[in-house]
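Taking it in order: structure first as structure tokens, then the write-up.
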Amino acid sequence: MIRAIMIFNNHGKPRLMKFFEYYSEEIQQQILRETYHLVSKRDDNVCNFLEGGSLIGGDSGYKLIYRHYATLYFVFCVDSSESELGILDLIQVFVETLDKHFENVCELDLIFHIDKVHYILAEIVMGGMVLETNMTDVLTHLDAQAKTEKSEAGITAAPARAISAVKSMGPNVSMPHMPHFNFKSH
Amino acid sequence: KMFEKNLNDLVRGIRANKSNEAKYIAQCIEEIKHELRQDNTNVKANAICKLIYLQMFGYDISWAAFNVIEVMSSTKFTHKRIGYLASSQCFTEDMDILTLTTNLIRKDFSSQNQYDAAVTLNGLSCFVSADLARDLANDVITLLASTKPYIRKRAIIVLYKIFLKFPEALRPAYPRLKAKLDDPEPSVQSAAVNVICELARKNPQNYLSLAPIFFKLMTNSTNNWMLIKIIKLFAALTPLEPRLGKKLIEPLTNLIHSTSAMSLLYECINTVIAVLLAFTSMPNHSSSVQLCVSKLRLLIEDADQNLKYLGLLAMSKILKAHPKAVQAHKDMILRCLDDKDESIKLRALDLLSGMISKKNLVEIVKKLMRHIETTESTSYRDELLSKIIHICSQSNYQYVADFEWYISVLVELAQVDGIHHGSLVATQLLDVTVRVKGIRRFSVQQMTMLLENSKLMGITAQGSSTGDVFFAAAWIVGEFSEHLSDLRSIMHIFLQPRATSLPPPVQAVIVHNILKLYSRIYLKAENDNDQDTIAEVTQMLIDQLPMFGESSDLEVQERACCAIQMLKYIQKIRDKGLTVTDEVREMFAGELNPVATKAQKKVPVPEGLNLDIWINDPPSDSSDDELNNDAMFVTEEDHNNIQGIKYPKVDEDELKKRREARKLEQENNPYYIKGNTKSKELEGPDINDIPVASLDLTVPLKVPGNMILSTL
């Protein structure tokens with residue numbers, strides 16, 4: 001069984017926390033800190049397996065299996081019923097799915113769309129067990145749900161749809177002047 | 001009208017307020033609380049979405065549980081999804097509010113939109129409680145028959161979670177679950193395999209009967225995930241069933257040769273090892289061992305660090321059963337010690353310590369010592385040190401041919417900077433010196449050298465336990481001072497002012513051993529008729545020992561004061577012209593030998609002593625059966641089998657004995673209030689005449705609709 005899935009960046013800031021066992025928020029943050037501490041001091045060309053820290057049950061056969069992509073660590077905490085190499089593959093599937101869904105995913109995507117990341121993960125792992133490893137199937141279901149979401153947005157999305165409809169009428173249609181918002185990239 | 005912040009705005013806002021983050025978030029939470037009081041589900045859903053984000057940073061959001069349920073109840077999938085996600089992140093099984101979800105969940109299960117049911121199942125898998133499990137078990141079992149595989153596989157997993165909280169559901173659901181192993185959809189099959197594997201790990205015996213089904217699945221499937229689960233399960237089952245192991249070797253060997261998936265290959269090797277470990281008397285096991293070892297060698301020599309690590313891990317398992325097969329690859333494993341990766345180094349170290357023989361001990365220890373010198377990692381250095389001592393001392397020093405060599409190894413280890421295992425080294429030094437008479441001279445020489453090495457004296461640093469080594473050195477030179485060439489110089493070292501800043505246990509040993517040295521000096525001088533030396537040494541000690549007497553540690557203080565008094569007394573007697581030579585000799589005469597653990601057994605029992613009879617009268621036997629702690633908690637099977645509590649049958653004699661014992665106890669118990677014996681006429685029937693009748697508990701207590709009682 002998978003006990004927990006964590007995504008955090010090179011500075012230890014959480015980007016996704018999913019626990020399949022109950023821990024209070026305080027303990028969750030402690031686990032995050034401990035895991036970050038263990039994982040961040042490892043070189044990039046060492047193996048991706050760690051015996052777990054004390055909090056997650058160091059002697060109880062728990063392992064940390066992680067991958068480091070650019071600025072993000074993807075960490076799965078598993079027990080002895082999981083295959084180490086299998087979980088590594090699973091992390092890869094998860095990341096590739098994120099990549100396809102967000103179109104060249106980067107950390108900012110995870111930062112601003114935590115809900116979507118959870119929905120994607122929920123297609124692959126549920127209750128600590130693997131549901132689906134086929135990326136195509138996962139994406140199909142995600143698209144179907146996104147469609148439902150869009151159609152439900154209905155009236156509340158009307159102004160945005162109206163604007164895009166007017167824009168598509170022709171290049172010479174002038175739109176009312178909108179104030180320019182300058183969003184700093186963080 | 002102010003537009004509510006959506007998730008995007010919240011995130012941006014937090015990032016823009018890095019300097020006053022906590023305050024900004026507190027403000028946002030206030031806004032969220034306000035939004036949750038609105039009537040608009042859109043607004044509420046948005047607010048809950050923001051709370052999900054905040055929960056990730058450690059904020060408790062369970063106060064919004066009711067609102068979460070409101071959002072879960074929305075007819076819109078978008079909202080429902082947010083609600084159930086929030087519930088999976090913050091609901092706990094002890095929340096009373098969970099009772100509000102039962103009917104909602106049932107409704108969502110039967111939704112036309114399969115995604116409604118799916119998000120519901122997902123949420124439930126995280127917060128299912130015993131009550132919810134009991135109430136919804138049947139509904140989830142029904143979903144096992146859904147036309148949509150998307151739902152079926154989720155139902156299977158939720159069913160497992162239900163079993164964990166409500167074990168009674170397992171028995172009725174089991175046939176349906178088992179049937180899913182034949183589901184046409186591979187991912188559903190896989191989920192069923194997964195769940196049954198989890199169940200089987202908890203209770204392997206009960207699932208042995210499924211072995212043939214799994215066998216068929218294993219030989220027919222191409223789904224690697226499922227294969228891995230099944231093969232791992234077989235590894236757990238083989239110890240229980242020998243015939244299973246025999247049958248597995250061939251298909252596993254085939255898989256090992258044919259698969260290109262490393263993950264599968266590795267698990268096959270692991271299971272083959274498990275089979276071989278369980279039964280070393282298998283016909284062609286040596287070829288299987290060779291196959292595994294050769295494949296593992298490939299893994300260990302691969303450039304991929306992960307494969308190296310796993311290869312070493314599996315090798316350790318083979319080592320226990322077939323050490324010779326692994327020993328052939330000693331050099332490769334030694335090379336792994338040079339790897340940069342600490343996980344791999346530790347695995348290699350572990351493996352090496354199981355491969356020790358008399359021939360390779362020295363060579364391996366030499367390599368490990370070199371690693372101690374070169375490594376920068378203190379944790380690795382400590383691990384190396386404790387491993388060296390472990391392999392040398394294991395099985396009563398079985399592999400050590402030359403104890404002088406071992407002492408010099410220990411002395412070298414003692415001088416390693418900042419070691420945390422000084423006490424380990426010290427214990428070893430003491431143990432070997434005491435038990436191996438022949439090397440005592442050498443040991444004393446080495447210890448003298450250590451003591452003269454001022455590095456040890458100067459070490460009082462926190463965490464560094466080389467002071468412990470000084471303890472051992474001081475004791476050894478004191479106890480075996482017959483081998484010392486220059487007692488006075490050792491005495492001198494002991495009496496340095498710096499000694500008072502050593503750890504107190506070390507000081508205590510020093511004080512005591514100063515006395516030992518004194519006695520030897522005294523006796524030698526007495527022999528040479530050198531009264532001046534005696535007087536001089538006695539006076540010197542009386543002058544210098546008080547520095548220990550002023551110690552704040554009780555042990556040191558007491559020893560020093562005792563010693564000073566004793567010396568003063570010796571001085572006084574000598575001043576009177578009397579001799580104390582014999583007494584001084586007696587102080588430390590005789591050898592303290594180590595005692596074997598079985599020594600007590602060898603002491604003959606004196607005549608006429610029978611150790612097996614009671615010394616006093618035995619206490620009266622208790623009339624209850626002894627409580628069997630294992631049976632105290634009802635296991636899953638017991639619960640399903642409860643027909644009624646059975647009382648053990650007791651015969652007449654035993655009953656009589658118990659009555660007598662009870663009467664006796666009541667007589668002797670001052671607190672027992674006896675009945676009024678005067679009014680005999682009013683006495684009811686003799687309690688012993690009332691027959692004991694057994695209750696017929698087979699009458700069903702069925703209450704329709706309630707699952708627990710209907711199993712009685």
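Naming scheme: A, B, ... for chains in displayed order of the structure tokens; residues 1 onward per chain; ligands 1 onward as shown.
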
(request) Using backbone DSSP assignments, extract all helix (DSSP H, G or I) residues from stretch 293-371 of chain B; output them as a ChimeraX atom specification. (result) /B:293-301,305-321,323-327,330-336,342-353,361-371

With C-alpha atoms kept, could you save the residues just selected as a PDB file, in the first residue's frame?
```pdb
ATOM      1  CA  VAL B 293      23.009 -14.833  -8.125  1.00  0.00           C
ATOM      2  CA  SER B 294      24.075 -14.306 -11.714  1.00  0.00           C
ATOM      3  CA  LYS B 295      21.077 -12.071 -12.464  1.00  0.00           C
ATOM      4  CA  LEU B 296      21.694 -10.123  -9.294  1.00  0.00           C
ATOM      5  CA  ARG B 297      25.270  -9.668 -10.266  1.00  0.00           C
ATOM      6  CA  LEU B 298      24.068  -8.046 -13.460  1.00  0.00           C
ATOM      7  CA  LEU B 299      21.921  -5.714 -11.437  1.00  0.00           C
ATOM      8  CA  ILE B 300      24.738  -4.814  -9.061  1.00  0.00           C
ATOM      9  CA  GLU B 301      27.100  -4.072 -11.896  1.00  0.00           C
ATOM     10  CA  GLN B 305      22.058   3.148  -8.887  1.00  0.00           C
ATOM     11  CA  ASN B 306      18.591   1.826  -8.234  1.00  0.00           C
ATOM     12  CA  LEU B 307      19.376  -1.537  -9.722  1.00  0.00           C
ATOM     13  CA  LYS B 308      22.615  -1.669  -7.734  1.00  0.00           C
ATOM     14  CA  TYR B 309      20.763  -1.000  -4.529  1.00  0.00           C
ATOM     15  CA  LEU B 310      18.074  -3.571  -5.190  1.00  0.00           C
ATOM     16  CA  GLY B 311      20.643  -6.123  -6.286  1.00  0.00           C
ATOM     17  CA  LEU B 312      22.532  -5.761  -3.024  1.00  0.00           C
ATOM     18  CA  LEU B 313      19.283  -5.915  -1.076  1.00  0.00           C
ATOM     19  CA  ALA B 314      18.333  -9.212  -2.671  1.00  0.00           C
ATOM     20  CA  MET B 315      21.854 -10.619  -2.285  1.00  0.00           C
ATOM     21  CA  SER B 316      21.560 -10.149   1.475  1.00  0.00           C
ATOM     22  CA  LYS B 317      18.556 -12.406   1.429  1.00  0.00           C
ATOM     23  CA  ILE B 318      20.372 -15.152  -0.472  1.00  0.00           C
ATOM     24  CA  LEU B 319      23.307 -14.823   1.897  1.00  0.00           C
ATOM     25  CA  LYS B 320      21.396 -16.258   4.819  1.00  0.00           C
ATOM     26  CA  ALA B 321      20.606 -19.519   3.077  1.00  0.00           C
ATOM     27  CA  PRO B 323      26.519 -18.018   1.891  1.00  0.00           C
ATOM     28  CA  LYS B 324      28.943 -19.791  -0.383  1.00  0.00           C
ATOM     29  CA  ALA B 325      27.155 -18.666  -3.518  1.00  0.00           C
ATOM     30  CA  VAL B 326      27.514 -15.062  -2.445  1.00  0.00           C
ATOM     31  CA  GLN B 327      31.047 -15.255  -1.127  1.00  0.00           C
ATOM     32  CA  LYS B 330      33.198 -10.691  -2.472  1.00  0.00           C
ATOM     33  CA  ASP B 331      35.350  -8.450  -4.619  1.00  0.00           C
ATOM     34  CA  MET B 332      32.416  -6.931  -6.426  1.00  0.00           C
ATOM     35  CA  ILE B 333      30.771  -6.158  -3.125  1.00  0.00           C
ATOM     36  CA  LEU B 334      33.947  -4.614  -1.773  1.00  0.00           C
ATOM     37  CA  ARG B 335      33.967  -2.367  -4.817  1.00  0.00           C
ATOM     38  CA  CYS B 336      30.482  -1.197  -3.906  1.00  0.00           C
ATOM     39  CA  GLU B 342      25.629   6.081   1.029  1.00  0.00           C
ATOM     40  CA  SER B 343      22.598   3.779   0.734  1.00  0.00           C
ATOM     41  CA  ILE B 344      24.645   1.468  -1.461  1.00  0.00           C
ATOM     42  CA  LYS B 345      27.653   1.626   0.822  1.00  0.00           C
ATOM     43  CA  LEU B 346      25.526   0.653   3.792  1.00  0.00           C
ATOM     44  CA  ARG B 347      23.976  -2.247   1.907  1.00  0.00           C
ATOM     45  CA  ALA B 348      27.390  -3.485   0.813  1.00  0.00           C
ATOM     46  CA  LEU B 349      28.634  -3.189   4.372  1.00  0.00           C
ATOM     47  CA  ASP B 350      25.700  -5.197   5.614  1.00  0.00           C
ATOM     48  CA  LEU B 351      26.376  -7.883   3.039  1.00  0.00           C
ATOM     49  CA  LEU B 352      30.066  -8.058   3.862  1.00  0.00           C
ATOM     50  CA  SER B 353      29.501  -8.587   7.538  1.00  0.00           C
ATOM     51  CA  LEU B 361      38.607 -11.176   8.123  1.00  0.00           C
ATOM     52  CA  VAL B 362      41.899  -9.320   8.157  1.00  0.00           C
ATOM     53  CA  GLU B 363      41.617  -8.222   4.553  1.00  0.00           C
ATOM     54  CA  ILE B 364      38.089  -6.959   4.937  1.00  0.00           C
ATOM     55  CA  VAL B 365      38.809  -5.140   8.171  1.00  0.00           C
ATOM     56  CA  LYS B 366      41.799  -3.510   6.535  1.00  0.00           C
ATOM     57  CA  LYS B 367      39.608  -2.207   3.721  1.00  0.00           C
ATOM     58  CA  LEU B 368      37.017  -0.956   6.165  1.00  0.00           C
ATOM     59  CA  MET B 369      39.656   0.849   8.217  1.00  0.00           C
ATOM     60  CA  ARG B 370      40.844   2.620   5.134  1.00  0.00           C
ATOM     61  CA  HIS B 371      37.297   3.738   4.508  1.00  0.00           C
TER      62      HIS B 371
END
```

Show me which bits of chain B are within 8 Å of chain A, counting only C-alpha atoms, as a PDB file with C-alpha atoms, in the first residue's frame.
```pdb
ATOM      1  CA  LEU B   7      -8.085  30.054  -5.793  1.00  0.00           C
ATOM      2  CA  ASN B   8      -5.913  31.844  -8.290  1.00  0.00           C
ATOM      3  CA  VAL B  11      -2.374  32.030  -4.392  1.00  0.00           C
ATOM      4  CA  ARG B  15       2.874  35.119  -2.931  1.00  0.00           C
ATOM      5  CA  CYS B  49     -11.445  25.167  -2.795  1.00  0.00           C
ATOM      6  CA  ILE B  52      -8.052  22.895   0.408  1.00  0.00           C
ATOM      7  CA  TYR B  53      -5.063  24.968  -0.637  1.00  0.00           C
ATOM      8  CA  GLN B  55      -4.785  22.815   4.412  1.00  0.00           C
ATOM      9  CA  MET B  56      -1.704  21.848   2.442  1.00  0.00           C
ATOM     10  CA  PHE B  57       0.278  24.364   4.455  1.00  0.00           C
ATOM     11  CA  GLY B  58      -0.856  22.937   7.758  1.00  0.00           C
ATOM     12  CA  TYR B  59      -4.018  24.935   8.438  1.00  0.00           C
ATOM     13  CA  ASP B  60      -6.750  22.953  10.106  1.00  0.00           C
ATOM     14  CA  LYS B  76     -23.343  20.181  -9.863  1.00  0.00           C
ATOM     15  CA  PHE B  77     -20.487  17.817 -10.459  1.00  0.00           C
ATOM     16  CA  THR B  78     -17.970  20.650 -10.262  1.00  0.00           C
ATOM     17  CA  ILE B  82     -14.516  20.020  -4.693  1.00  0.00           C
ATOM     18  CA  LEU B  85     -11.841  16.379  -2.279  1.00  0.00           C
ATOM     19  CA  GLN B  89      -8.313  15.936   3.141  1.00  0.00           C
ATOM     20  CA  THR B  92     -11.731  12.081  10.349  1.00  0.00           C
ATOM     21  CA  TYR B 115     -18.028  10.624 -12.220  1.00  0.00           C
ATOM     22  CA  ASN B 122     -12.753   8.456  -3.647  1.00  0.00           C
ATOM     23  CA  SER B 125     -12.069   5.698   0.783  1.00  0.00           C
ATOM     24  CA  CYS B 126     -10.390   8.352   2.900  1.00  0.00           C
ATOM     25  CA  LYS B 153     -12.512  -0.987  -9.652  1.00  0.00           C
ATOM     26  CA  ARG B 154     -13.142   1.896  -7.280  1.00  0.00           C
ATOM     27  CA  ILE B 157     -10.855  -0.615  -3.241  1.00  0.00           C
ATOM     28  CA  VAL B 158     -13.498   1.078  -1.078  1.00  0.00           C
ATOM     29  CA  LYS B 161     -11.405   0.116   3.364  1.00  0.00           C
ATOM     30  CA  SER B 187      -7.740  -2.911 -14.385  1.00  0.00           C
ATOM     31  CA  ALA B 191      -7.742  -3.950  -8.275  1.00  0.00           C
ATOM     32  CA  ASN B 194      -4.462  -5.821  -5.085  1.00  0.00           C
ATOM     33  CA  GLU B 198      -3.533  -6.862   1.111  1.00  0.00           C
ATOM     34  CA  TRP B 225       1.411  -4.527 -12.075  1.00  0.00           C
ATOM     35  CA  ILE B 228       4.117  -8.182  -9.461  1.00  0.00           C
ATOM     36  CA  LYS B 229       1.418  -8.154  -6.801  1.00  0.00           C
ATOM     37  CA  LYS B 232       5.017 -10.779  -4.117  1.00  0.00           C
ATOM     38  CA  MET B 262      13.270  -4.885 -14.526  1.00  0.00           C
ATOM     39  CA  SER B 263      10.597  -4.459 -11.883  1.00  0.00           C
ATOM     40  CA  GLU B 267      10.292  -9.464  -7.888  1.00  0.00           C
ATOM     41  CA  ASP B 304      21.760   2.474 -12.617  1.00  0.00           C
ATOM     42  CA  GLN B 305      22.058   3.148  -8.887  1.00  0.00           C
ATOM     43  CA  ASN B 306      18.591   1.826  -8.234  1.00  0.00           C
ATOM     44  CA  TYR B 309      20.763  -1.000  -4.529  1.00  0.00           C
ATOM     45  CA  LYS B 340      29.384   7.582  -3.682  1.00  0.00           C
ATOM     46  CA  ASP B 341      25.881   6.612  -2.710  1.00  0.00           C
ATOM     47  CA  SER B 343      22.598   3.779   0.734  1.00  0.00           C
ATOM     48  CA  ILE B 344      24.645   1.468  -1.461  1.00  0.00           C
TER      49      ILE B 344
END
```

(message) Please list as a ChimeraX atom specification every residue within 12 Å of stretch 173-180 of chain B, counting only C-alpha atoms and excluding residues in the same chain fewer than 2 positions away.
(response) /B:137-146,149,152-153,155-160,162-163,166-171,182-197,199,206-207,209-210,213-214

(message) So that I can check the surroundings of B:Leu502, please list as a ChimeraX atom specification every protein, DNA and RNA residue that reaches within 7 Å of it, counting only C-alpha atoms and ignoring chain neighbours fewer than 3 positions away.
(response) /B:460,467,499,506-507

Output all heavy atoms for every residue in that selection, as an mmCIF file, in the first residue's frame.
```
data_model
loop_
_atom_site.group_PDB
_atom_site.id
_atom_site.type_symbol
_atom_site.label_atom_id
_atom_site.label_comp_id
_atom_site.auth_asym_id
_atom_site.auth_seq_id
_atom_site.Cartn_x
_atom_site.Cartn_y
_atom_site.Cartn_z
ATOM 1 N N THR B 460 37.580 15.983 26.221
ATOM 2 C CA THR B 460 36.390 16.007 27.082
ATOM 3 C C THR B 460 35.235 16.559 26.276
ATOM 4 O O THR B 460 34.206 16.929 26.791
ATOM 5 C CB THR B 460 36.638 16.923 28.289
ATOM 6 O OG1 THR B 460 37.170 18.152 27.805
ATOM 7 C CG2 THR B 460 37.626 16.283 29.251
ATOM 8 N N GLY B 467 36.773 9.227 25.848
ATOM 9 C CA GLY B 467 37.012 9.134 27.277
ATOM 10 C C GLY B 467 36.763 7.709 27.755
ATOM 11 O O GLY B 467 37.425 7.220 28.680
ATOM 12 N N ALA B 499 43.299 15.529 34.643
ATOM 13 C CA ALA B 499 42.482 14.326 34.852
ATOM 14 C C ALA B 499 41.153 14.651 35.502
ATOM 15 O O ALA B 499 40.163 13.936 35.336
ATOM 16 C CB ALA B 499 43.259 13.320 35.697
ATOM 17 N N VAL B 506 35.437 7.776 34.448
ATOM 18 C CA VAL B 506 36.840 7.560 34.138
ATOM 19 C C VAL B 506 37.705 7.954 35.331
ATOM 20 O O VAL B 506 38.652 7.259 35.701
ATOM 21 C CB VAL B 506 37.253 8.375 32.897
ATOM 22 C CG1 VAL B 506 38.701 8.116 32.537
ATOM 23 C CG2 VAL B 506 36.350 8.031 31.725
ATOM 24 N N GLN B 507 37.352 9.042 35.971
ATOM 25 C CA GLN B 507 38.110 9.481 37.148
ATOM 26 C C GLN B 507 38.024 8.429 38.243
ATOM 27 O O GLN B 507 39.023 8.147 38.918
ATOM 28 C CB GLN B 507 37.551 10.798 37.672
ATOM 29 C CG GLN B 507 37.816 11.983 36.773
ATOM 30 C CD GLN B 507 37.335 13.272 37.402
ATOM 31 O OE1 GLN B 507 37.660 13.542 38.573
ATOM 32 N NE2 GLN B 507 36.556 14.040 36.679
#
```

(request) Within 10 Å of B:Phe588, counting only C-alpha atoms, which residues show up once you throw out same-chain ones fewer than 3 positions away? Write them as a ChimeraX atom specification, please. (result) /B:479,515-517,519-520,583-585,591-592

(request) Excluding stretch 656-667 of chain B and any residue of its chain fewer than 3 positions from it, enumerate the residues within 8 Å of it, using only C-alpha atoms, and give them as JSON, numbers by chain. (result) {"B": [620, 623, 652, 653, 670, 672]}

(request) Please indicate the distance in Å from atom CA of B:Asn593 to atom CA of B:Arg440, rounded to one decimal place. (result) 13.3 Å

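For B:Ser129, the non-local neighbours within 7 Å, defined as residues at least 3 positions apart in the same chain or in other chains and counting only C-alpha atoms, are Glu93, Leu132, Ala133 and Lys165 of chain B.
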
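Closest approach to B:Ile273 among B:Met449, B:His322, B:Gln428, B:Leu233 is made by B:His322 (distances from only C-alpha atoms).
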